[in-house]
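Student: Take a look at entry10.cif, mmCIF, C-alpha atoms:
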```cif
data_coords
loop_
_atom_site.label_atom_id
_atom_site.label_comp_id
_atom_site.auth_asym_id
_atom_site.auth_seq_id
_atom_site.Cartn_x
_atom_site.Cartn_y
_atom_site.Cartn_z
CA MET H 56 -10.78 -5.71 11.81
CA LEU H 57 -13.04 -5.16 8.84
CA GLU H 58 -16.05 -3.90 10.75
CA PHE H 59 -17.58 -0.70 9.54
CA LYS H 60 -20.32 1.05 11.45
CA LEU H 61 -21.72 4.34 10.30
CA PHE H 62 -22.48 5.79 13.72
CA SER H 63 -19.81 4.45 16.02
CA PRO H 64 -17.24 6.23 18.16
CA ILE H 65 -14.13 6.90 16.11
CA SER H 66 -11.66 4.02 15.92
CA PRO H 67 -8.10 4.23 17.31
CA ASN H 68 -6.76 4.32 13.75
CA VAL H 69 -8.68 7.50 13.02
CA VAL H 70 -7.57 9.02 16.31
CA SER H 71 -3.92 8.44 15.44
CA THR H 72 -4.56 9.77 11.92
CA LEU H 73 -5.91 13.00 13.37
CA ILE H 74 -2.97 13.31 15.77
CA ILE H 75 -0.47 12.81 12.93
CA VAL H 76 -2.28 15.27 10.68
CA ALA H 77 -2.28 17.89 13.43
CA ILE H 78 1.43 17.44 14.19
CA LEU H 79 2.48 17.46 10.53
CA ALA H 80 0.32 20.50 9.77
CA LEU H 81 1.86 22.39 12.67
CA VAL H 82 5.46 21.47 11.82
CA PHE H 83 5.21 22.24 8.12
CA THR H 84 3.23 25.45 8.58
CA ILE H 85 6.01 26.72 10.84
CA ALA H 86 8.65 25.54 8.35
CA GLY H 87 6.81 27.22 5.46
CA LEU H 88 6.48 30.53 7.33
CA LYS H 89 10.17 30.45 8.21
CA ILE H 90 11.23 29.62 4.65
CA LYS H 91 9.21 32.57 3.32
CA LYS H 92 11.30 34.92 5.44
CA LEU H 93 14.56 33.24 4.41
CA ASN H 94 17.29 35.31 2.77
CA PRO H 95 18.14 33.60 -0.56
CA ALA H 96 21.72 34.88 -0.43
CA GLU H 97 22.54 32.94 2.76
CA ALA H 98 22.67 29.20 3.29
CA PRO H 99 19.87 27.96 5.58
CA LYS H 100 20.74 26.24 8.85
CA GLY H 101 19.45 23.33 10.92
CA PHE H 102 15.86 22.25 10.40
CA LEU H 103 15.26 24.55 7.43
CA PHE H 104 18.33 23.16 5.70
CA LEU H 105 16.90 19.67 6.14
CA CYS H 106 13.56 20.77 4.63
CA VAL H 107 15.24 22.40 1.64
CA LEU H 108 17.42 19.34 1.09
CA LEU H 109 14.42 17.01 1.27
CA VAL H 110 12.36 18.99 -1.24
CA ASP H 111 15.34 19.33 -3.57
CA PHE H 112 16.06 15.59 -3.45
CA PHE H 113 12.40 14.83 -4.00
CA ILE H 114 12.08 17.10 -7.04
CA ASN H 115 15.25 15.67 -8.59
CA PHE H 116 13.95 12.15 -8.03
CA LEU H 117 10.55 12.95 -9.52
CA LYS H 118 12.04 14.61 -12.62
CA GLY H 119 12.95 11.16 -13.94
CA TYR H 120 9.28 10.19 -14.08
CA ILE H 121 7.17 13.31 -14.59
CA LYS H 122 8.36 16.11 -16.82
CA GLY H 123 7.95 19.86 -17.02
CA LYS H 124 4.64 21.52 -16.28
CA ARG H 125 3.05 18.35 -14.91
CA LEU H 126 5.62 18.24 -12.11
CA ASP H 127 4.28 21.53 -10.74
CA PHE H 128 0.78 20.07 -10.83
CA PHE H 129 1.48 16.69 -9.23
CA GLY H 130 4.58 17.41 -7.13
CA PRO H 131 2.85 18.89 -4.05
CA TYR H 132 0.31 16.09 -3.91
CA LEU H 133 2.92 13.34 -4.18
CA PHE H 134 5.18 14.99 -1.61
CA THR H 135 2.31 15.30 0.86
CA LEU H 136 1.42 11.66 0.23
CA ILE H 137 4.87 10.23 0.92
CA LEU H 138 5.45 12.44 3.96
CA PHE H 139 2.18 11.44 5.57
CA LEU H 140 2.60 7.76 4.76
CA ALA H 141 6.18 7.64 6.01
CA VAL H 142 5.20 9.23 9.33
CA ALA H 143 1.96 7.24 9.64
CA ASN H 144 3.54 3.85 9.00
CA THR H 145 6.26 4.40 11.60
CA SER H 146 3.83 5.90 14.12
CA ALA H 147 3.59 2.56 15.98
CA LEU H 148 7.00 3.38 17.42
CA PHE H 149 5.38 6.22 19.39
CA GLY H 150 2.61 4.04 20.77
CA LEU H 151 -0.07 4.98 18.25
CA THR H 152 -2.10 2.45 16.28
CA PRO H 153 -0.89 2.50 12.65
CA PRO H 154 -3.62 4.42 10.75
CA LEU H 155 -3.20 2.35 7.60
CA ALA H 156 -4.09 -0.85 9.50
CA ASN H 157 -7.72 0.23 9.07
CA ILE H 158 -9.20 -0.51 5.68
CA GLY H 159 -11.17 2.74 5.72
CA VAL H 160 -8.02 4.87 5.97
CA ALA H 161 -6.10 2.81 3.38
CA MET H 162 -8.94 2.81 0.86
CA SER H 163 -9.50 6.54 1.24
CA PHE H 164 -5.86 7.08 0.27
CA SER H 165 -6.24 4.95 -2.83
CA ILE H 166 -9.49 6.73 -3.72
CA ILE H 167 -7.76 10.12 -3.46
CA THR H 168 -5.06 8.83 -5.82
CA PHE H 169 -7.75 7.45 -8.13
CA ILE H 170 -9.41 10.87 -8.29
CA MET H 171 -6.01 12.46 -9.02
CA ILE H 172 -5.48 9.96 -11.88
CA LYS H 173 -8.89 10.82 -13.34
CA ILE H 174 -8.16 14.55 -13.05
CA ALA H 175 -4.83 14.00 -14.81
CA GLU H 176 -6.48 12.05 -17.61
CA PHE H 177 -9.19 14.62 -18.19
CA LYS H 178 -6.78 17.53 -17.92
CA PHE H 179 -3.88 16.26 -20.04
CA GLN H 180 -5.55 13.74 -22.36
CA GLY H 181 -9.00 15.21 -22.81
CA VAL H 182 -12.31 13.44 -22.32
CA LYS H 183 -12.69 12.47 -25.96
CA ASN H 184 -9.24 10.87 -26.28
CA LYS H 185 -9.79 8.98 -23.04
CA MET H 186 -13.12 7.59 -24.27
CA ILE H 187 -11.53 6.50 -27.54
CA GLY H 188 -8.64 4.96 -25.64
CA LEU H 189 -11.08 2.87 -23.61
CA LEU H 190 -12.35 1.21 -26.79
CA GLY H 191 -8.93 -0.27 -27.52
CA PRO H 192 -6.71 -0.03 -30.58
CA VAL H 193 -8.69 -2.48 -32.77
CA LYS H 194 -12.16 -1.11 -33.53
CA PRO H 195 -14.02 -4.39 -34.33
CA LEU H 196 -12.98 -5.79 -30.95
CA ALA H 197 -14.32 -2.74 -29.06
CA PRO H 198 -17.33 -4.51 -27.43
CA LEU H 199 -14.91 -7.08 -26.01
CA MET H 200 -12.26 -4.59 -24.90
CA LEU H 201 -14.53 -2.01 -23.29
CA PRO H 202 -15.58 -4.08 -20.23
CA ILE H 203 -12.00 -5.31 -19.70
CA ASN H 204 -10.65 -1.76 -19.82
CA LEU H 205 -13.38 -0.50 -17.50
CA ILE H 206 -12.61 -3.24 -14.96
CA GLY H 207 -8.93 -2.35 -15.26
CA GLU H 208 -9.72 1.29 -14.50
CA VAL H 209 -11.69 0.42 -11.37
CA SER H 210 -9.34 -2.28 -10.07
CA THR H 211 -6.36 0.09 -9.72
CA PRO H 212 -7.53 1.80 -6.49
CA PHE H 213 -8.69 -1.52 -5.02
CA SER H 214 -5.37 -3.27 -5.49
CA MET H 215 -3.39 -0.26 -4.27
CA GLY H 216 -5.51 0.25 -1.16
CA LEU H 217 -5.67 -3.43 -0.26
CA ARG H 218 -1.91 -3.82 -0.66
CA LEU H 219 -1.27 -0.96 1.74
CA PHE H 220 -3.90 -2.18 4.21
CA VAL H 221 -2.91 -5.85 4.34
CA ASN H 222 0.80 -5.09 4.67
CA LEU H 223 0.27 -2.86 7.68
CA MET H 224 -2.45 -5.04 9.21
CA SER H 225 -0.34 -8.19 8.92
CA GLY H 226 2.40 -6.41 10.84
CA VAL H 227 -0.03 -5.44 13.60
CA VAL H 228 -1.57 -8.94 13.80
CA ILE H 229 1.76 -10.80 13.82
CA THR H 230 3.20 -8.45 16.44
CA ALA H 231 0.12 -8.90 18.66
CA MET H 232 0.30 -12.71 18.25
CA VAL H 233 3.98 -12.89 19.21
CA PHE H 234 3.47 -10.55 22.17
CA ALA H 235 0.58 -12.70 23.39
CA ILE H 236 2.77 -15.83 23.24
CA VAL H 237 6.02 -14.62 24.79
CA GLY H 238 4.60 -12.67 27.72
CA PHE H 239 5.74 -9.35 29.17
CA ILE H 240 9.48 -9.99 29.63
CA GLY H 241 9.83 -11.75 26.28
CA SER H 242 7.95 -8.99 24.47
CA LEU H 243 10.53 -6.47 25.63
CA LEU H 244 13.14 -8.50 23.73
CA ALA H 245 10.95 -9.48 20.77
CA GLY H 246 9.63 -5.94 20.35
CA VAL H 247 13.05 -4.71 19.28
CA LEU H 248 13.12 -7.11 16.34
CA LEU H 249 9.42 -6.99 15.41
CA HIS H 250 9.07 -3.21 15.46
CA VAL H 251 12.21 -2.75 13.39
CA ILE H 252 10.97 -5.20 10.76
CA PHE H 253 7.26 -4.41 10.61
CA ASP H 254 7.16 -0.72 11.44
CA ILE H 255 10.38 0.76 10.12
CA PHE H 256 11.34 -1.56 7.24
CA PHE H 257 7.98 -2.67 5.86
CA GLY H 258 6.29 0.62 6.74
CA LEU H 259 8.78 2.75 4.86
CA ILE H 260 8.91 0.30 1.92
CA GLN H 261 5.12 0.34 1.64
CA ALA H 262 5.01 4.14 1.83
CA PHE H 263 7.59 4.30 -0.93
CA VAL H 264 5.80 1.68 -3.03
CA PHE H 265 2.46 3.47 -2.77
CA PHE H 266 4.15 6.73 -3.72
CA MET H 267 5.96 5.10 -6.65
CA LEU H 268 2.80 3.43 -7.96
CA SER H 269 0.94 6.75 -7.72
CA THR H 270 3.78 8.45 -9.60
CA VAL H 271 3.87 5.83 -12.35
CA ASN H 272 0.09 5.82 -12.72
CA LEU H 273 -0.05 9.62 -12.81
CA SER H 274 2.74 9.91 -15.36
CA MET H 275 1.05 7.25 -17.51
CA ALA H 276 -2.30 9.04 -17.20
CA SER H 277 -0.91 12.47 -18.07
CA GLU H 278 0.93 11.33 -21.19
CA SER H 279 -1.11 12.07 -24.26
CA MET S 40 -25.40 -48.19 -2.78
CA PHE S 41 -26.03 -44.58 -3.81
CA GLY S 42 -28.83 -44.16 -1.31
CA GLN S 43 -26.60 -45.51 1.39
CA MET S 44 -23.96 -42.89 0.50
CA ILE S 45 -26.48 -40.06 0.66
CA HIS S 46 -27.69 -41.40 3.98
CA SER S 47 -24.18 -41.44 5.43
CA VAL S 48 -23.49 -37.91 4.11
CA THR S 49 -26.67 -36.54 5.68
CA ARG S 50 -25.84 -38.26 8.94
CA PHE S 51 -22.36 -36.72 8.76
CA ALA S 52 -23.84 -33.31 8.07
CA SER S 53 -26.26 -33.62 10.96
CA GLU S 54 -23.30 -33.94 13.29
CA TYR S 55 -22.04 -30.49 12.31
CA ASN S 56 -21.47 -28.25 15.25
CA GLN S 57 -19.63 -25.00 15.92
CA PHE S 58 -16.37 -26.74 16.83
CA PHE S 59 -16.35 -28.58 13.54
CA ALA S 60 -17.03 -25.31 11.69
CA SER S 61 -14.26 -23.38 13.44
CA GLY S 62 -11.85 -26.25 12.92
CA MET S 63 -12.61 -26.26 9.22
CA ALA S 64 -12.12 -22.47 9.18
CA TYR S 65 -8.63 -22.86 10.67
CA LEU S 66 -7.88 -25.60 8.15
CA GLY S 67 -9.06 -23.30 5.36
CA ALA S 68 -6.84 -20.52 6.67
CA GLY S 69 -3.87 -22.86 6.54
CA ILE S 70 -4.69 -23.92 3.00
CA ALA S 71 -5.20 -20.31 1.89
CA VAL S 72 -1.69 -19.32 2.96
CA ILE S 73 -0.22 -21.92 0.56
CA ALA S 74 -0.75 -19.14 -2.01
CA GLY S 75 2.41 -17.63 -0.50
CA LEU S 76 4.40 -20.00 -2.72
CA GLY S 77 3.61 -18.01 -5.86
CA PRO S 78 4.72 -14.55 -4.67
CA GLY S 79 7.81 -16.15 -3.12
CA ILE S 80 8.91 -17.60 -6.43
CA GLY S 81 8.01 -14.41 -8.30
CA GLN S 82 9.80 -12.09 -5.91
CA GLY S 83 12.85 -14.30 -5.88
CA PHE S 84 12.91 -14.28 -9.65
CA ALA S 85 12.68 -10.47 -9.73
CA ALA S 86 15.43 -10.16 -7.09
CA GLY S 87 17.71 -12.54 -8.99
CA LYS S 88 17.26 -10.63 -12.23
CA ALA S 89 17.91 -7.36 -10.40
CA ALA S 90 21.14 -8.74 -8.94
CA GLU S 91 22.18 -9.82 -12.44
CA ALA S 92 21.40 -6.36 -13.79
CA VAL S 93 23.44 -4.66 -11.06
CA GLY S 94 26.32 -7.00 -11.84
CA ARG S 95 26.14 -6.02 -15.48
CA GLN S 96 25.63 -2.28 -14.91
CA PRO S 97 26.78 -1.21 -11.44
CA GLU S 98 26.31 2.49 -12.26
CA ALA S 99 22.52 2.05 -12.70
CA GLN S 100 22.08 0.56 -9.23
CA SER S 101 19.71 3.17 -7.78
CA LYS S 102 17.29 2.98 -10.70
CA ILE S 103 17.35 -0.83 -10.62
CA LEU S 104 16.65 -0.77 -6.87
CA VAL S 105 13.56 1.42 -7.32
CA THR S 106 12.23 -0.71 -10.17
CA THR S 107 12.83 -3.93 -8.22
CA LEU S 108 11.01 -2.65 -5.15
CA VAL S 109 7.96 -1.61 -7.15
CA THR S 110 7.77 -4.81 -9.21
CA GLN S 111 8.21 -6.96 -6.11
CA ALA S 112 5.43 -5.08 -4.35
CA VAL S 113 3.15 -5.72 -7.31
CA ALA S 114 4.08 -9.42 -7.30
CA GLU S 115 3.36 -9.56 -3.57
CA THR S 116 -0.30 -8.64 -4.00
CA THR S 117 -1.69 -12.14 -4.57
CA GLY S 118 0.05 -13.40 -1.44
CA LEU S 119 -1.42 -10.53 0.52
CA TYR S 120 -4.91 -11.39 -0.66
CA ALA S 121 -4.37 -14.95 0.58
CA LEU S 122 -3.19 -13.59 3.92
CA LEU S 123 -6.29 -11.41 4.15
CA VAL S 124 -8.54 -14.40 3.48
CA ALA S 125 -6.66 -16.44 6.11
CA LEU S 126 -7.00 -13.70 8.71
CA LEU S 127 -10.70 -13.35 7.97
CA LEU S 128 -11.13 -17.11 8.42
CA ILE S 129 -9.24 -17.08 11.72
CA GLY S 130 -11.40 -14.25 13.03
CA LYS S 131 -14.56 -16.19 12.19
#
```
Would you put the structure from the file into structure tokens?

Tutor:
Amino acid sequence: MLEFKLFSPISPNVVSTLIIVAILALVFTIAGLKIKKLNPAEAPKGFLFLCVLLVDFFINFLKGYIKGKRLDFFGPYLFTLILFLAVANTSALFGLTPPLANIGVAMSFSIITFIMIKIAEFKFQGVKNKMIGLLGPVKPLAPLMLPINLIGEVSTPFSMGLRLFVNLMSGVVITAMVFAIVGFIGSLLAGVLLHVIFDIFFGLIQAFVFFMLSTVNLSMASES
Amino acid sequence: MFGQMIHSVTRFASEYNQFFASGMAYLGAGIAVIAGLGPGIGQGFAAGKAAEAVGRQPEAQSKILVTTLVTQAVAETTGLYALLVALLLIGK
């Protein structure tokens, strides 16, 4: 569960991550190439219409949280994040191991978001303002506030990654426990309920929550 | 009196074996999951307030839903840590 070996054959979580990345890259490269050739005077049809609708909905949703120029900077990253997480968390329906049930995969996502937050702070706030902000508003209390603020900076990726990991892992563990108890015939019946709850409902909610927390953190970091 | 107590404790400790240890680990896992009380109360409180807010302002429902989901997920974190500790103890 939490084992980490440096030189071991790749875990099933990483295998399913690679499969999902390959499929998503293929699908969206094709969609992007087709959209480039699209005639703007005509309405798109079928799959392309769905893509356009999705991006439009996403941009309108994000406009309430991140404004103007920053949306162009963060939008692609956040869209990639939610698409991958939504597909990865429901991937157990296709017989793959959920990638986020491995702490390595979940923590790497939170570290990527952490790096994005730092980039946003340095780009939109400036290094000097950020350093002054770490000291707190009251100058005499700065030696007290500095360690607290530094711990707060570091704890963000930990809490985000662990939340994602434990939610998905608890789904996997509880499903495996119930399947072990009820046997083969019972698991056919119980699987309907368990996969709907743990893969579709919790998976999509957790993908959305991770995306929302990234958005809120990024918009807070990029405000000067 | 005190020496007798120490003697009985050491005799108790000398009877430790792996079954005792794994039994205590399961007991600890059960106790750890009691932490689920806190997130339950917190999430219920957030959900109740959200329902109140929707009743007061039905037109702002989508924004309230998003805010509720995020705040509930943040409140859930402590319970998830307890679950992680319990699962680690079970796997011991």

Student: Show me a table, sorted first by chain and then by increasing residue number, of the residues of chain H having an atom at most 12 Å from chain S, each with its shortest atom pair and the distance in Å to one decimal, counting all atoms listed in the file and written as JSON lines.

Tutor:
```
{"residue": "H:Met56", "atom": "CA", "partner": "S:Leu127", "partner_atom": "CA", "distance": 8.6}
{"residue": "H:Leu57", "atom": "CA", "partner": "S:Leu127", "partner_atom": "CA", "distance": 8.6}
{"residue": "H:Glu58", "atom": "CA", "partner": "S:Leu127", "partner_atom": "CA", "distance": 11.2}
{"residue": "H:Phe116", "atom": "CA", "partner": "S:Lys102", "partner_atom": "CA", "distance": 10.1}
{"residue": "H:Gly119", "atom": "CA", "partner": "S:Lys102", "partner_atom": "CA", "distance": 9.8}
{"residue": "H:Tyr120", "atom": "CA", "partner": "S:Lys102", "partner_atom": "CA", "distance": 11.3}
{"residue": "H:Ile158", "atom": "CA", "partner": "S:Leu123", "partner_atom": "CA", "distance": 11.4}
{"residue": "H:Thr211", "atom": "CA", "partner": "S:Val113", "partner_atom": "CA", "distance": 11.4}
{"residue": "H:Phe213", "atom": "CA", "partner": "S:Thr116", "partner_atom": "CA", "distance": 11.1}
{"residue": "H:Ser214", "atom": "CA", "partner": "S:Thr116", "partner_atom": "CA", "distance": 7.5}
{"residue": "H:Met215", "atom": "CA", "partner": "S:Thr116", "partner_atom": "CA", "distance": 8.9}
{"residue": "H:Gly216", "atom": "CA", "partner": "S:Thr116", "partner_atom": "CA", "distance": 10.7}
{"residue": "H:Leu217", "atom": "CA", "partner": "S:Tyr120", "partner_atom": "CA", "distance": 8.0}
{"residue": "H:Arg218", "atom": "CA", "partner": "S:Thr116", "partner_atom": "CA", "distance": 6.1}
{"residue": "H:Leu219", "atom": "CA", "partner": "S:Thr116", "partner_atom": "CA", "distance": 9.6}
{"residue": "H:Phe220", "atom": "CA", "partner": "S:Leu119", "partner_atom": "CA", "distance": 9.5}
{"residue": "H:Val221", "atom": "CA", "partner": "S:Leu119", "partner_atom": "CA", "distance": 6.2}
{"residue": "H:Asn222", "atom": "CA", "partner": "S:Leu119", "partner_atom": "CA", "distance": 7.2}
{"residue": "H:Leu223", "atom": "CA", "partner": "S:Leu119", "partner_atom": "CA", "distance": 10.6}
{"residue": "H:Met224", "atom": "CA", "partner": "S:Leu123", "partner_atom": "CA", "distance": 9.0}
{"residue": "H:Ser225", "atom": "CA", "partner": "S:Leu122", "partner_atom": "CA", "distance": 7.9}
{"residue": "H:Gly226", "atom": "CA", "partner": "S:Leu122", "partner_atom": "CA", "distance": 11.4}
{"residue": "H:Val227", "atom": "CA", "partner": "S:Leu126", "partner_atom": "CA", "distance": 11.9}
{"residue": "H:Val228", "atom": "CA", "partner": "S:Leu126", "partner_atom": "CA", "distance": 8.8}
{"residue": "H:Ile229", "atom": "CA", "partner": "S:Leu126", "partner_atom": "CA", "distance": 10.5}
{"residue": "H:Phe257", "atom": "CA", "partner": "S:Ala112", "partner_atom": "CA", "distance": 10.8}
{"residue": "H:Leu259", "atom": "CA", "partner": "S:Leu108", "partner_atom": "CA", "distance": 11.6}
{"residue": "H:Ile260", "atom": "CA", "partner": "S:Leu108", "partner_atom": "CA", "distance": 7.9}
{"residue": "H:Gln261", "atom": "CA", "partner": "S:Ala112", "partner_atom": "CA", "distance": 8.1}
{"residue": "H:Ala262", "atom": "CA", "partner": "S:Val109", "partner_atom": "CA", "distance": 11.1}
{"residue": "H:Phe263", "atom": "CA", "partner": "S:Val109", "partner_atom": "CA", "distance": 8.6}
{"residue": "H:Val264", "atom": "CA", "partner": "S:Val109", "partner_atom": "CA", "distance": 5.7}
{"residue": "H:Phe265", "atom": "CA", "partner": "S:Val109", "partner_atom": "CA", "distance": 8.7}
{"residue": "H:Phe266", "atom": "CA", "partner": "S:Val109", "partner_atom": "CA", "distance": 9.8}
{"residue": "H:Met267", "atom": "CA", "partner": "S:Val109", "partner_atom": "CA", "distance": 7.0}
{"residue": "H:Leu268", "atom": "CA", "partner": "S:Val109", "partner_atom": "CA", "distance": 7.3}
{"residue": "H:Ser269", "atom": "CA", "partner": "S:Val109", "partner_atom": "CA", "distance": 10.9}
{"residue": "H:Thr270", "atom": "CA", "partner": "S:Val109", "partner_atom": "CA", "distance": 11.2}
{"residue": "H:Val271", "atom": "CA", "partner": "S:Val109", "partner_atom": "CA", "distance": 10.0}
```

Student: Hey, can you check how far CA of Phe83 in chain H sits from CA of Phe128 in chain H?

Tutor: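 For CA of Phe83 in chain H relative to CA of Phe128 in chain H, the distance reads 19.6 Å.
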
Student: For range 117-120 of chain S, take all atoms listed in the file, fit an axis-aligned box around them, add 5 Å to each of the six sides, then output centre and edge lengths in Å rounded to one decimal, as JSON.

Tutor:
```
{"center_x": -2.4, "center_y": -12.0, "center_z": -2.0, "size_x": 15.0, "size_y": 12.9, "size_z": 15.1}
```

Student: One decimal, in Å: what's the spacing between CA of Phe164 in chain H and CA of Ile74 in chain H?

Tutor: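 Separation of CA of Phe164 in chain H and CA of Ile74 in chain H: 17.0 Å.
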
Student: What is the CA of Ile187 in chain H-CA of Pro202 in chain H distance in Å, reported with one decimal?

Tutor: 13.5 Å

Student: List as a PyMOL selection string the protein and nucleic acid residues near Lys173 in chain H, meaning an atom at most 10 Å away when all atoms listed in the file are counted, but skip any in the same chain fewer than 6 places from it.

Tutor: chain H and resi 167+179+182+185+208+273+276-277

Student: I need the residues from that last selection saved to file as a PDB file, keeping the file's coordinate frame (with C-alpha atoms), if you can.

Tutor:
```
ATOM      1  CA  ILE H 167      -7.760  10.120  -3.460  1.00  0.00           C
ATOM      2  CA  PHE H 179      -3.880  16.260 -20.040  1.00  0.00           C
ATOM      3  CA  VAL H 182     -12.310  13.440 -22.320  1.00  0.00           C
ATOM      4  CA  LYS H 185      -9.790   8.980 -23.040  1.00  0.00           C
ATOM      5  CA  GLU H 208      -9.720   1.290 -14.500  1.00  0.00           C
ATOM      6  CA  LEU H 273      -0.050   9.620 -12.810  1.00  0.00           C
ATOM      7  CA  ALA H 276      -2.300   9.040 -17.200  1.00  0.00           C
ATOM      8  CA  SER H 277      -0.910  12.470 -18.070  1.00  0.00           C
TER       9      SER H 277
END
```

Student: Which residue, H:Met200, H:Leu151, H:Ile90, H:Ile114, has the smallest gap to Ile75 in chain H when you use only C-alpha atoms?

Tutor: H:Leu151

Student: Starting from the PyMOL selection byres ((chain H and resi 129) around 10), expand the selection into actual residues of this file and give them as a ChimeraX atom specification.

Tutor: /H:117,121,124-128,130-134,171,175,270,273-274

Student: Would you translate the PyMOL selection byres ((chain S and resi 64) around 10) into the concrete set of residues it matches in this file, as a JSON list (two decimals) with C-alpha atoms, in the frame of the given file?

Tutor:
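To be explicit, this is the file written out as expr.json:
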```json
[["chain", "number", "residue", "atom", "x", "y", "z"],
["S", 58, "PHE", "CA", -16.37, -26.74, 16.83],
["S", 59, "PHE", "CA", -16.35, -28.58, 13.54],
["S", 60, "ALA", "CA", -17.03, -25.31, 11.69],
["S", 61, "SER", "CA", -14.26, -23.38, 13.44],
["S", 62, "GLY", "CA", -11.85, -26.25, 12.92],
["S", 63, "MET", "CA", -12.61, -26.26, 9.22],
["S", 65, "TYR", "CA", -8.63, -22.86, 10.67],
["S", 66, "LEU", "CA", -7.88, -25.60, 8.15],
["S", 67, "GLY", "CA", -9.06, -23.30, 5.36],
["S", 68, "ALA", "CA", -6.84, -20.52, 6.67],
["S", 69, "GLY", "CA", -3.87, -22.86, 6.54],
["S", 70, "ILE", "CA", -4.69, -23.92, 3.00],
["S", 125, "ALA", "CA", -6.66, -16.44, 6.11],
["S", 127, "LEU", "CA", -10.70, -13.35, 7.97],
["S", 128, "LEU", "CA", -11.13, -17.11, 8.42],
["S", 129, "ILE", "CA", -9.24, -17.08, 11.72],
["S", 130, "GLY", "CA", -11.40, -14.25, 13.03],
["S", 131, "LYS", "CA", -14.56, -16.19, 12.19]]
```

Student: Return the single residue from H:Val160, H:Met232, H:Ala86, H:Leu148 that is closest to Val107 in chain H, with distances computed using only C-alpha atoms.

Tutor: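 Looking only at the distances to Val107 in chain H, the closest residue turns out to be H:Ala86.
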
Student: Closest to Cys106 in chain H among H:Gly159, H:Gly191, H:Gly87, H:Pro198, using all atoms listed in the file?

Tutor: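 Nearest to Cys106 in chain H: H:Gly87.
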
Student: If I only have part of range 75-86 of chain S, can you fill in N, CA and C atoms and write it as a compact mmCIF listing (two decimals), in the coordinates of the input?

Tutor:
```
# COMPACT_ATOMS: atom_id res chain seq x y z
N GLY S 75 1.14 -18.33 -0.68
CA GLY S 75 2.41 -17.63 -0.50
C GLY S 75 3.54 -18.18 -1.34
N LEU S 76 3.38 -19.42 -1.84
CA LEU S 76 4.40 -20.00 -2.72
C LEU S 76 4.63 -19.14 -3.97
N GLY S 77 3.51 -18.72 -4.58
CA GLY S 77 3.61 -18.01 -5.86
C GLY S 77 4.38 -16.71 -5.74
N PRO S 78 3.96 -15.79 -4.84
CA PRO S 78 4.72 -14.55 -4.67
C PRO S 78 6.17 -14.79 -4.27
N GLY S 79 6.42 -15.86 -3.49
CA GLY S 79 7.81 -16.15 -3.12
C GLY S 79 8.67 -16.42 -4.33
N ILE S 80 8.16 -17.28 -5.22
CA ILE S 80 8.91 -17.60 -6.43
C ILE S 80 9.07 -16.35 -7.30
N GLY S 81 7.96 -15.60 -7.44
CA GLY S 81 8.01 -14.41 -8.30
C GLY S 81 8.96 -13.36 -7.79
N GLN S 82 8.91 -13.11 -6.46
CA GLN S 82 9.80 -12.09 -5.91
C GLN S 82 11.25 -12.53 -6.00
N GLY S 83 11.48 -13.82 -5.76
CA GLY S 83 12.85 -14.30 -5.88
C GLY S 83 13.38 -14.16 -7.28
N PHE S 84 12.51 -14.42 -8.25
CA PHE S 84 12.91 -14.28 -9.65
C PHE S 84 13.28 -12.83 -9.96
N ALA S 85 12.41 -11.90 -9.48
CA ALA S 85 12.68 -10.47 -9.73
C ALA S 85 13.98 -10.05 -9.06
N ALA S 86 14.22 -10.54 -7.81
CA ALA S 86 15.43 -10.16 -7.09
C ALA S 86 16.67 -10.71 -7.79
```
